[in-house]
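See below for my_file.pdb, which holds PDB, C-alpha atoms.
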ATOM      1  CA  MET A 207      65.030 182.355 219.461
ATOM      2  CA  ALA A 208      67.552 183.459 216.921
ATOM      3  CA  THR A 209      70.124 181.216 215.314
ATOM      4  CA  SER A 210      73.582 181.066 216.855
ATOM      5  CA  GLU A 211      76.700 181.616 214.808
ATOM      6  CA  LEU A 212      79.860 179.548 215.137
ATOM      7  CA  TYR A 213      83.166 180.683 213.645
ATOM      8  CA  LEU A 214      85.925 178.087 213.305
ATOM      9  CA  ILE A 215      89.248 179.878 212.908
ATOM     10  CA  ARG A 216      92.528 178.122 212.221
ATOM     11  CA  HIS A 217      95.693 179.451 213.888
ATOM     12  CA  GLY A 218      98.057 181.515 211.730
ATOM     13  CA  LEU A 219     101.332 180.442 210.154
ATOM     14  CA  ALA A 220     103.619 178.902 212.792
ATOM     15  CA  GLY A 221     107.289 177.898 213.028
ATOM     16  CA  THR A 222     108.264 174.743 211.192
ATOM     17  CA  TRP A 223     108.243 171.281 212.648
ATOM     18  CA  GLY A 224     111.626 170.205 213.948
ATOM     19  CA  THR A 225     112.702 173.655 215.080
ATOM     20  CA  TYR A 226     110.955 173.119 218.397
ATOM     21  CA  SER A 227     111.293 170.169 220.727
ATOM     22  CA  ARG A 228     107.546 169.899 221.191
ATOM     23  CA  ASP A 229     104.782 170.673 218.695
ATOM     24  CA  GLU A 230     102.818 172.668 221.240
ATOM     25  CA  GLU A 231     105.695 175.137 221.586
ATOM     26  CA  ARG A 232     105.654 176.289 217.977
ATOM     27  CA  PRO A 233     104.754 180.013 217.938
ATOM     28  CA  LEU A 234     103.423 182.097 215.059
ATOM     29  CA  THR A 235     106.157 183.318 212.743
ATOM     30  CA  GLY A 236     106.552 187.054 212.133
ATOM     31  CA  GLU A 237     104.669 186.622 208.869
ATOM     32  CA  GLY A 238     102.060 184.527 210.674
ATOM     33  CA  GLN A 239     101.533 187.266 213.252
ATOM     34  CA  HIS A 240     101.311 189.930 210.549
ATOM     35  CA  LYS A 241      98.769 188.084 208.422
ATOM     36  CA  THR A 242      96.726 187.044 211.444
ATOM     37  CA  ARG A 243      96.515 190.707 212.495
ATOM     38  CA  LEU A 244      95.329 191.639 209.002
ATOM     39  CA  VAL A 245      92.682 188.909 209.109
ATOM     40  CA  ALA A 246      91.574 189.981 212.605
ATOM     41  CA  GLN A 247      91.227 193.617 211.541
ATOM     42  CA  ARG A 248      89.320 192.596 208.406
ATOM     43  CA  LEU A 249      86.882 190.527 210.494
ATOM     44  CA  LYS A 250      86.395 193.534 212.754
ATOM     45  CA  ASP A 251      85.883 195.843 209.757
ATOM     46  CA  LEU A 252      83.268 193.414 208.396
ATOM     47  CA  GLY A 253      81.300 194.004 211.579
ATOM     48  CA  LEU A 254      81.898 190.658 213.242
ATOM     49  CA  GLN A 255      81.653 190.447 217.027
ATOM     50  CA  PHE A 256      81.921 187.340 219.178
ATOM     51  CA  ASP A 257      80.564 186.735 222.677
ATOM     52  CA  LEU A 258      83.506 184.472 223.407
ATOM     53  CA  ILE A 259      86.703 183.245 221.790
ATOM     54  CA  LEU A 260      87.440 179.683 222.872
ATOM     55  CA  THR A 261      90.974 178.598 222.039
ATOM     56  CA  SER A 262      93.284 175.606 222.007
ATOM     57  CA  PRO A 263      96.017 175.775 224.653
ATOM     58  CA  LEU A 264      98.819 175.476 222.077
ATOM     59  CA  ILE A 265     100.938 178.591 221.694
ATOM     60  CA  ARG A 266     100.163 179.220 218.026
ATOM     61  CA  ALA A 267      96.427 179.108 218.783
ATOM     62  CA  GLN A 268      96.725 181.228 221.939
ATOM     63  CA  GLN A 269      98.615 183.862 219.976
ATOM     64  CA  THR A 270      95.988 183.809 217.225
ATOM     65  CA  ALA A 271      93.149 184.146 219.746
ATOM     66  CA  THR A 272      94.968 186.960 221.533
ATOM     67  CA  ILE A 273      95.301 188.874 218.257
ATOM     68  CA  LEU A 274      91.582 188.403 217.543
ATOM     69  CA  LYS A 275      90.693 189.671 221.005
ATOM     70  CA  ALA A 276      93.137 192.582 220.773
ATOM     71  CA  VAL A 277      91.339 194.132 217.782
ATOM     72  CA  GLY A 278      88.096 194.081 219.774
ATOM     73  CA  LEU A 279      86.398 191.049 218.251
ATOM     74  CA  SER A 280      85.403 189.650 221.646
ATOM     75  CA  PRO A 281      85.265 190.765 225.275
ATOM     76  CA  GLN A 282      86.184 187.275 226.441
ATOM     77  CA  MET A 283      88.732 184.595 225.648
ATOM     78  CA  GLU A 284      88.982 181.179 227.286
ATOM     79  CA  THR A 285      91.446 178.346 226.853
ATOM     80  CA  THR A 286      90.328 174.730 226.714
ATOM     81  CA  PRO A 287      92.048 171.397 226.033
ATOM     82  CA  LEU A 288      88.900 170.466 224.071
ATOM     83  CA  LEU A 289      90.352 172.401 221.129
ATOM     84  CA  ALA A 290      93.835 170.880 221.283
ATOM     85  CA  PRO A 291      94.852 168.738 218.270
ATOM     86  CA  GLU A 292      93.829 165.584 220.150
ATOM     87  CA  GLY A 293      90.405 167.016 221.048
ATOM     88  CA  ALA A 294      87.223 165.296 219.894
ATOM     89  CA  ILE A 295      83.901 166.820 218.951
ATOM     90  CA  ALA A 296      81.713 164.964 221.492
ATOM     91  CA  PRO A 297      83.179 166.625 224.622
ATOM     92  CA  TRP A 298      82.995 169.993 222.875
ATOM     93  CA  LEU A 299      79.311 169.422 222.108
ATOM     94  CA  ASP A 300      78.761 168.839 225.842
ATOM     95  CA  TRP A 301      80.653 172.043 226.607
ATOM     96  CA  PHE A 302      78.555 173.944 224.069
ATOM     97  CA  GLU A 303      75.261 172.722 225.547
ATOM     98  CA  GLN A 304      76.368 173.866 228.996
ATOM     99  CA  TRP A 305      77.619 177.208 227.683
ATOM    100  CA  ARG A 306      74.351 177.791 225.834
ATOM    101  CA  GLU A 307      72.289 176.939 228.914
ATOM    102  CA  GLY A 308      74.443 179.148 231.113
ATOM    103  CA  ASN A 309      74.188 182.086 228.723
ATOM    104  CA  PRO A 310      70.538 182.508 227.785
ATOM    105  CA  SER A 311      70.212 185.367 225.357
ATOM    106  CA  PRO A 312      67.465 186.859 223.206
ATOM    107  CA  ASN A 313      70.159 187.658 220.653
ATOM    108  CA  PRO A 314      72.007 185.238 218.406
ATOM    109  CA  ARG A 315      75.034 183.938 220.284
ATOM    110  CA  LYS A 316      78.297 184.260 218.402
ATOM    111  CA  LEU A 317      81.125 181.951 219.338
ATOM    112  CA  ALA A 318      84.598 181.686 217.837
ATOM    113  CA  LEU A 319      86.776 178.583 218.166
ATOM    114  CA  VAL A 320      90.514 178.889 217.503
ATOM    115  CA  GLY A 321      92.151 175.554 216.835
ATOM    116  CA  HIS A 322      93.815 173.143 214.468
ATOM    117  CA  GLN A 323      93.425 171.118 211.331
ATOM    118  CA  PRO A 324      92.162 168.610 210.470
ATOM    119  CA  ASN A 325      89.863 168.973 213.494
ATOM    120  CA  LEU A 326      88.183 172.238 212.551
ATOM    121  CA  SER A 327      87.036 171.277 209.078
ATOM    122  CA  HIS A 328      86.241 167.760 210.319
ATOM    123  CA  TRP A 329      84.022 169.244 213.032
ATOM    124  CA  ALA A 330      82.388 171.580 210.519
ATOM    125  CA  GLU A 331      81.540 168.645 208.273
ATOM    126  CA  MET A 332      80.164 166.702 211.242
ATOM    127  CA  LEU A 333      78.019 169.661 212.304
ATOM    128  CA  VAL A 334      76.664 170.250 208.806
ATOM    129  CA  TRP A 335      76.503 166.758 207.268
ATOM    130  CA  GLY A 336      76.910 164.335 210.165
ATOM    131  CA  THR A 337      79.963 162.734 208.554
ATOM    132  CA  SER A 338      83.365 163.921 207.446
ATOM    133  CA  SER A 339      85.377 163.250 204.304
ATOM    134  CA  GLY A 340      88.063 165.896 204.733
ATOM    135  CA  SER A 341      86.602 167.919 201.877
ATOM    136  CA  ILE A 342      86.626 171.391 203.426
ATOM    137  CA  LEU A 343      89.947 173.161 202.848
ATOM    138  CA  LEU A 344      90.773 175.478 205.728
ATOM    139  CA  LYS A 345      93.973 177.481 205.346
ATOM    140  CA  LYS A 346      95.959 178.924 208.224
ATOM    141  CA  ALA A 347      94.116 181.972 209.598
ATOM    142  CA  GLY A 348      91.146 180.875 207.500
ATOM    143  CA  VAL A 349      87.550 180.982 208.729
ATOM    144  CA  ILE A 350      84.482 178.726 208.549
ATOM    145  CA  GLY A 351      81.093 180.209 209.498
ATOM    146  CA  LEU A 352      78.156 178.023 210.565
ATOM    147  CA  PHE A 353      74.587 178.716 211.615
ATOM    148  CA  LEU A 354      73.554 176.531 214.573
ATOM    149  CA  PRO A 355      70.015 175.518 215.470
ATOM    150  CA  GLU A 356      68.833 176.952 218.792
ATOM    151  CA  ALA A 357      67.777 173.607 220.190
ATOM    152  CA  GLY A 358      68.226 169.918 219.603
ATOM    153  CA  ASN A 359      71.114 167.928 218.220
ATOM    154  CA  LEU A 360      73.779 169.994 216.469
ATOM    155  CA  LEU A 361      75.257 167.161 214.422
ATOM    156  CA  SER A 362      74.021 167.288 210.804
ATOM    157  CA  ASN A 363      71.696 170.166 211.682
ATOM    158  CA  CYS A 364      73.947 173.173 211.061
ATOM    159  CA  GLN A 365      74.339 175.202 207.881
ATOM    160  CA  ILE A 366      77.514 176.612 206.383
ATOM    161  CA  PHE A 367      77.426 180.246 205.248
ATOM    162  CA  TRP A 368      81.126 181.115 205.056
ATOM    163  CA  LEU A 369      84.473 179.571 204.240
ATOM    164  CA  THR A 370      87.426 181.714 203.349
ATOM    165  CA  PRO A 371      91.170 181.523 203.069
ATOM    166  CA  PRO A 372      93.039 184.722 204.048
ATOM    167  CA  LYS A 373      94.014 185.460 200.444
ATOM    168  CA  LEU A 374      90.353 185.748 199.418
ATOM    169  CA  LEU A 375      89.481 187.809 202.487
ATOM    170  CA  LEU A 376      92.257 190.408 202.530
TER     171      LEU A 376
ATOM    172  CA  MET B 216      98.139 168.122 185.619
ATOM    173  CA  ALA B 217      96.964 170.836 187.948
ATOM    174  CA  THR B 218      93.621 170.915 189.680
ATOM    175  CA  SER B 219      90.776 172.788 188.008
ATOM    176  CA  GLU B 220      88.792 175.432 189.819
ATOM    177  CA  LEU B 221      85.027 175.797 189.614
ATOM    178  CA  TYR B 222      83.253 178.953 190.784
ATOM    179  CA  LEU B 223      79.501 178.757 191.319
ATOM    180  CA  ILE B 224      78.068 182.273 191.321
ATOM    181  CA  ARG B 225      74.451 183.097 192.079
ATOM    182  CA  HIS B 226      72.766 185.882 190.114
ATOM    183  CA  GLY B 227      72.345 189.232 191.842
ATOM    184  CA  LEU B 228      69.218 190.687 193.428
ATOM    185  CA  ALA B 229      66.336 190.623 190.915
ATOM    186  CA  GLY B 230      62.866 192.127 190.630
ATOM    187  CA  THR B 231      60.201 190.597 192.816
ATOM    188  CA  TRP B 232      57.973 187.727 191.823
ATOM    189  CA  GLY B 233      54.602 188.860 190.536
ATOM    190  CA  THR B 234      55.873 192.038 188.927
ATOM    191  CA  TYR B 235      56.766 190.103 185.792
ATOM    192  CA  SER B 236      54.524 187.748 183.841
ATOM    193  CA  ARG B 237      57.228 185.103 183.594
ATOM    194  CA  ASP B 238      59.973 184.294 186.102
ATOM    195  CA  GLU B 239      62.643 184.241 183.418
ATOM    196  CA  GLU B 240      61.945 187.886 182.591
ATOM    197  CA  ARG B 241      62.885 189.224 186.021
ATOM    198  CA  PRO B 242      65.919 191.506 185.606
ATOM    199  CA  LEU B 243      68.387 192.631 188.265
ATOM    200  CA  THR B 244      67.161 195.606 190.252
ATOM    201  CA  GLY B 245      69.239 198.772 190.340
ATOM    202  CA  GLU B 246      70.571 197.706 193.714
ATOM    203  CA  GLY B 247      71.193 194.213 192.347
ATOM    204  CA  GLN B 248      73.215 195.622 189.446
ATOM    205  CA  HIS B 249      75.192 197.870 191.783
ATOM    206  CA  LYS B 250      76.085 195.139 194.253
ATOM    207  CA  THR B 251      76.878 192.668 191.486
ATOM    208  CA  ARG B 252      79.300 195.193 189.983
ATOM    209  CA  LEU B 253      80.980 195.603 193.379
ATOM    210  CA  VAL B 254      81.294 191.826 193.748
ATOM    211  CA  ALA B 255      82.671 191.497 190.202
ATOM    212  CA  GLN B 256      85.274 194.194 190.792
ATOM    213  CA  ARG B 257      86.258 192.626 194.112
ATOM    214  CA  LEU B 258      86.745 189.230 192.434
ATOM    215  CA  LYS B 259      88.903 190.929 189.826
ATOM    216  CA  ASP B 260      90.903 192.757 192.521
ATOM    217  CA  LEU B 261      91.452 189.423 194.314
ATOM    218  CA  GLY B 262      93.196 188.225 191.161
ATOM    219  CA  LEU B 263      90.539 185.826 189.935
ATOM    220  CA  GLN B 264      90.428 185.011 186.232
ATOM    221  CA  PHE B 265      88.143 182.532 184.489
ATOM    222  CA  ASP B 266      88.661 180.760 181.172
ATOM    223  CA  LEU B 267      84.922 180.781 180.602
ATOM    224  CA  ILE B 268      81.748 182.074 182.218
ATOM    225  CA  LEU B 269      78.872 179.685 181.567
ATOM    226  CA  THR B 270      75.498 181.179 182.374
ATOM    227  CA  SER B 271      71.833 180.362 182.704
ATOM    228  CA  PRO B 272      69.682 181.862 179.930
ATOM    229  CA  LEU B 273      67.429 183.735 182.382
ATOM    230  CA  ILE B 274      67.778 187.513 182.248
ATOM    231  CA  ARG B 275      68.981 187.991 185.844
ATOM    232  CA  ALA B 276      71.746 185.441 185.288
ATOM    233  CA  GLN B 277      72.696 186.842 181.858
ATOM    234  CA  GLN B 278      72.991 190.305 183.379
ATOM    235  CA  THR B 279      75.126 188.971 186.220
ATOM    236  CA  ALA B 280      77.421 187.101 183.821
ATOM    237  CA  THR B 281      77.699 190.166 181.595
ATOM    238  CA  ILE B 282      78.792 192.274 184.570
ATOM    239  CA  LEU B 283      81.418 189.655 185.519
ATOM    240  CA  LYS B 284      82.748 189.613 181.950
ATOM    241  CA  ALA B 285      82.687 193.417 181.685
ATOM    242  CA  VAL B 286      85.208 193.854 184.523
ATOM    243  CA  GLY B 287      87.589 191.511 182.714
ATOM    244  CA  LEU B 288      87.064 188.310 184.707
ATOM    245  CA  SER B 289      86.798 186.172 181.571
ATOM    246  CA  PRO B 290      87.432 186.469 177.841
ATOM    247  CA  GLN B 291      84.455 184.238 177.098
ATOM    248  CA  MET B 292      80.831 183.890 178.111
ATOM    249  CA  GLU B 293      78.412 181.214 176.923
ATOM    250  CA  THR B 294      74.745 180.646 177.612
ATOM    251  CA  THR B 295      73.333 177.197 178.282
ATOM    252  CA  PRO B 296      69.935 175.819 179.319
ATOM    253  CA  LEU B 297      71.880 173.385 181.523
ATOM    254  CA  LEU B 298      72.120 176.169 184.114
ATOM    255  CA  ALA B 299      68.440 177.193 184.003
ATOM    256  CA  PRO B 300      66.464 176.573 187.218
ATOM    257  CA  GLU B 301      65.172 173.270 185.824
ATOM    258  CA  GLY B 302      68.685 172.098 184.905
ATOM    259  CA  ALA B 303      70.122 168.907 186.432
ATOM    260  CA  ILE B 304      73.695 168.123 187.317
ATOM    261  CA  ALA B 305      74.113 164.991 185.157
ATOM    262  CA  PRO B 306      73.884 166.760 181.762
ATOM    263  CA  TRP B 307      76.211 169.465 183.063
ATOM    264  CA  LEU B 308      78.748 166.795 184.073
ATOM    265  CA  ASP B 309      78.631 165.518 180.480
ATOM    266  CA  TRP B 310      79.147 169.054 179.215
ATOM    267  CA  PHE B 311      82.087 169.522 181.567
ATOM    268  CA  GLU B 312      83.789 166.321 180.431
ATOM    269  CA  GLN B 313      83.503 167.435 176.822
ATOM    270  CA  TRP B 314      84.706 170.953 177.610
ATOM    271  CA  ARG B 315      87.674 169.599 179.518
ATOM    272  CA  GLU B 316      88.602 167.231 176.701
ATOM    273  CA  GLY B 317      88.234 169.984 174.116
ATOM    274  CA  ASN B 318      90.395 172.387 176.115
ATOM    275  CA  PRO B 319      93.523 170.531 177.164
ATOM    276  CA  SER B 320      95.725 172.838 179.191
ATOM    277  CA  PRO B 321      98.879 172.542 181.244
ATOM    278  CA  ASN B 322      97.414 175.172 183.550
ATOM    279  CA  PRO B 323      94.552 174.776 186.005
ATOM    280  CA  ARG B 324      91.302 175.437 184.177
ATOM    281  CA  LYS B 325      89.041 177.983 185.833
ATOM    282  CA  LEU B 326      85.359 177.875 185.079
ATOM    283  CA  ALA B 327      82.579 180.078 186.429
ATOM    284  CA  LEU B 328      78.923 179.045 186.406
ATOM    285  CA  VAL B 329      76.252 181.717 186.846
ATOM    286  CA  GLY B 330      72.923 180.294 187.876
ATOM    287  CA  HIS B 331      70.215 179.804 190.448
ATOM    288  CA  GLN B 332      69.374 178.427 193.832
ATOM    289  CA  PRO B 333      68.826 175.826 195.096
ATOM    290  CA  ASN B 334      70.694 174.251 192.165
ATOM    291  CA  LEU B 335      74.102 175.808 192.745
ATOM    292  CA  SER B 336      74.543 174.796 196.370
ATOM    293  CA  HIS B 337      72.872 171.446 195.638
ATOM    294  CA  TRP B 338      75.407 170.835 192.853
ATOM    295  CA  ALA B 339      78.262 171.912 195.108
ATOM    296  CA  GLU B 340      77.163 169.426 197.769
ATOM    297  CA  MET B 341      76.873 166.674 195.154
ATOM    298  CA  LEU B 342      80.348 167.446 193.814
ATOM    299  CA  VAL B 343      81.932 167.511 197.268
ATOM    300  CA  TRP B 344      79.930 164.945 199.256
ATOM    301  CA  GLY B 345      77.940 162.973 196.688
ATOM    302  CA  THR B 346      74.640 163.860 198.351
ATOM    303  CA  SER B 347      72.809 167.076 199.127
ATOM    304  CA  SER B 348      70.977 168.216 202.222
ATOM    305  CA  GLY B 349      70.542 171.891 201.325
ATOM    306  CA  SER B 350      73.083 172.888 203.954
ATOM    307  CA  ILE B 351      75.178 175.383 201.963
ATOM    308  CA  LEU B 352      73.764 178.899 202.152
ATOM    309  CA  LEU B 353      74.451 180.818 198.946
ATOM    310  CA  LYS B 354      73.262 184.418 198.914
ATOM    311  CA  LYS B 355      72.480 186.401 195.774
ATOM    312  CA  ALA B 356      75.789 187.387 194.098
ATOM    313  CA  GLY B 357      77.480 184.932 196.469
ATOM    314  CA  VAL B 358      80.275 182.597 195.396
ATOM    315  CA  ILE B 359      81.238 178.959 196.010
ATOM    316  CA  GLY B 360      84.748 177.835 195.037
ATOM    317  CA  LEU B 361      85.592 174.163 194.415
ATOM    318  CA  PHE B 362      88.754 172.304 193.450
ATOM    319  CA  LEU B 363      88.038 169.598 190.863
ATOM    320  CA  PRO B 364      90.097 166.461 190.274
ATOM    321  CA  GLU B 365      91.773 166.397 186.871
ATOM    322  CA  ALA B 366      90.425 162.985 185.970
ATOM    323  CA  GLY B 367      87.774 160.519 187.031
ATOM    324  CA  ASN B 368      84.342 161.002 188.512
ATOM    325  CA  LEU B 369      83.639 164.490 189.824
ATOM    326  CA  LEU B 370      80.800 163.529 192.172
ATOM    327  CA  SER B 371      82.010 163.313 195.773
ATOM    328  CA  ASN B 372      85.594 163.933 194.651
ATOM    329  CA  CYS B 373      85.776 167.732 194.760
ATOM    330  CA  GLN B 374      86.893 169.950 197.632
ATOM    331  CA  ILE B 375      85.392 173.237 198.779
ATOM    332  CA  PHE B 376      87.811 176.110 199.429
ATOM    333  CA  TRP B 377      85.519 179.131 199.328
ATOM    334  CA  LEU B 378      81.973 180.160 200.182
ATOM    335  CA  THR B 379      81.093 183.782 200.644
ATOM    336  CA  PRO B 380      78.075 186.032 200.770
ATOM    337  CA  PRO B 381      78.624 189.530 199.282
ATOM    338  CA  LYS B 382      78.484 191.168 202.706
ATOM    339  CA  LEU B 383      81.565 189.218 203.864
ATOM    340  CA  LEU B 384      83.387 189.851 200.593
ATOM    341  CA  LEU B 385      82.877 193.580 200.070
TER     342      LEU B 385
END
Produce structure tokens that represent the structure in this file.
Amino acid sequence: MATSELYLIRHGLAGTWGTYSRDEERPLTGEGQHKTRLVAQRLKDLGLQFDLILTSPLIRAQQTATILKAVGLSPQMETTPLLAPEGAIAPWLDWFEQWREGNPSPNPRKLALVGHQPNLSHWAEMLVWGTSSGSILLKKAGVIGLFLPEAGNLLSNCQIFWLTPPKLLL
Amino acid sequence: MATSELYLIRHGLAGTWGTYSRDEERPLTGEGQHKTRLVAQRLKDLGLQFDLILTSPLIRAQQTATILKAVGLSPQMETTPLLAPEGAIAPWLDWFEQWREGNPSPNPRKLALVGHQPNLSHWAEMLVWGTSSGSILLKKAGVIGLFLPEAGNLLSNCQIFWLTPPKLLL
């Protein structure tokens, strides 16, 4: 079986802390929406295509995922609390195993996660190296690309093939 | 002082093994030259600028470095056996310390290394995590970008902000 691809995408630029009564209400700013659309279109132009976009329930992530879906990057988008800022990698790994089993495919599966820092780069480090030191810099609307093994434990068994901030992508 | 930037750039596509009597004689293919020029121009268009391009003495690396310099990415290019396939990171760390001391600057220093795999991604892993598991995929004419601390030990104290294969850059 072919290797799966996992894309970890951070939400775009959102309103500042303090302007909103609750963190989860902060939406993308106008600039954040604009740049996220540019990133989404660039990903599409590069030929990327996801089977599913899985997103955090927070507004800034939902808006980011919606923009990615709107340019045609994925036929499906699902919301999960697993990708909220308080989410942990272990429950997501369980979700992934179930998703993989429920979606057998002869083709490489391509999954995009839209979420938050420091979780996304922490998860990427865990998947690639088994530990995390906060050493992957992931900007807003930035992308990490990992190759996942088709079977067995994911932790420390993935490879990183892409990491880009928007300014080096656009 | 500002953080230095280190760009690890793999040579472009070269002639196949067996066609040349010695590995170090393998030049870039026509396609390799073409794609390397596209990558170099894209780096220039992204606003990158190096203080120095340090390159392996092997022909395919020299040609790659020459193409990078030709588009105006750096005023200087130097050749060193430290970046040959048999080079090790420790002597390069000594070189870097001396270069840094000999080039005090109020601005972030930007250094590009042109060399070979698996050394480049191995070195990147050592600089960021202190160990290497061969988990960074660096394609020919691909780029790794690291932020370096201004003082102290480099090993396990750098951060990775960029990793791109040509096909996700062009």
Please identify every residue of chain B that has at least one atom no more than 12 Å from any atom of chain A, counting all atoms listed in the file, and report them as a PyMOL selection string.
-> chain B and resi 257-263+336+339-354+357-363+371-385
Run the PyMOL selection byres ((chain A and resi 259-261) around 9) mentally over the shown coordinates, then write out the matched residues as JSON, numbers by chain, using the chain letters and numbers from the document.
-> {"A": [256, 257, 258, 262, 263, 264, 267, 268, 270, 271, 274, 275, 279, 280, 281, 282, 283, 284, 285, 286, 287, 288, 289, 290, 317, 318, 319, 320, 321]}
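Rounded to one decimal, atom CA of Glu312 of chain B and atom CA of Ala356 of chain B lie 26.4 Å from each other.
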Distance query 10 Å from (62.4, 192.1, 191.7) using all atoms listed in the file, result as number ranges by chain = B: 228-235, 238, 241-245, 247, 275
Kindly indicate which residue among B:Glu220, B:Glu239, B:Glu301, B:Asp309 lies nearest to Asn322 of chain B, using all atoms listed in the file for the distances.
-> B:Glu220
Quick one: distance from atom CA of Leu253 of chain B to atom CA of Val286 of chain B in Å, one decimal?
->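 Here the two named atoms are 10.0 Å from each other.
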In Å to one decimal, how far is atom CA of Gln239 of chain A from atom CA of Arg315 of chain A?
->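 Atom-to-atom, atom CA of Arg315 of chain A and atom CA of Gln239 of chain A are spaced 27.6 Å apart.
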Counting all atoms listed in the file, the option among A:Gly278, A:Pro324, A:Pro310, A:Pro291 closest to Glu356 of chain A =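 Of A:Gly278, A:Pro324, A:Pro310, A:Pro291, the one nearest Glu356 of chain A, counting all atoms listed in the file, is A:Pro310.
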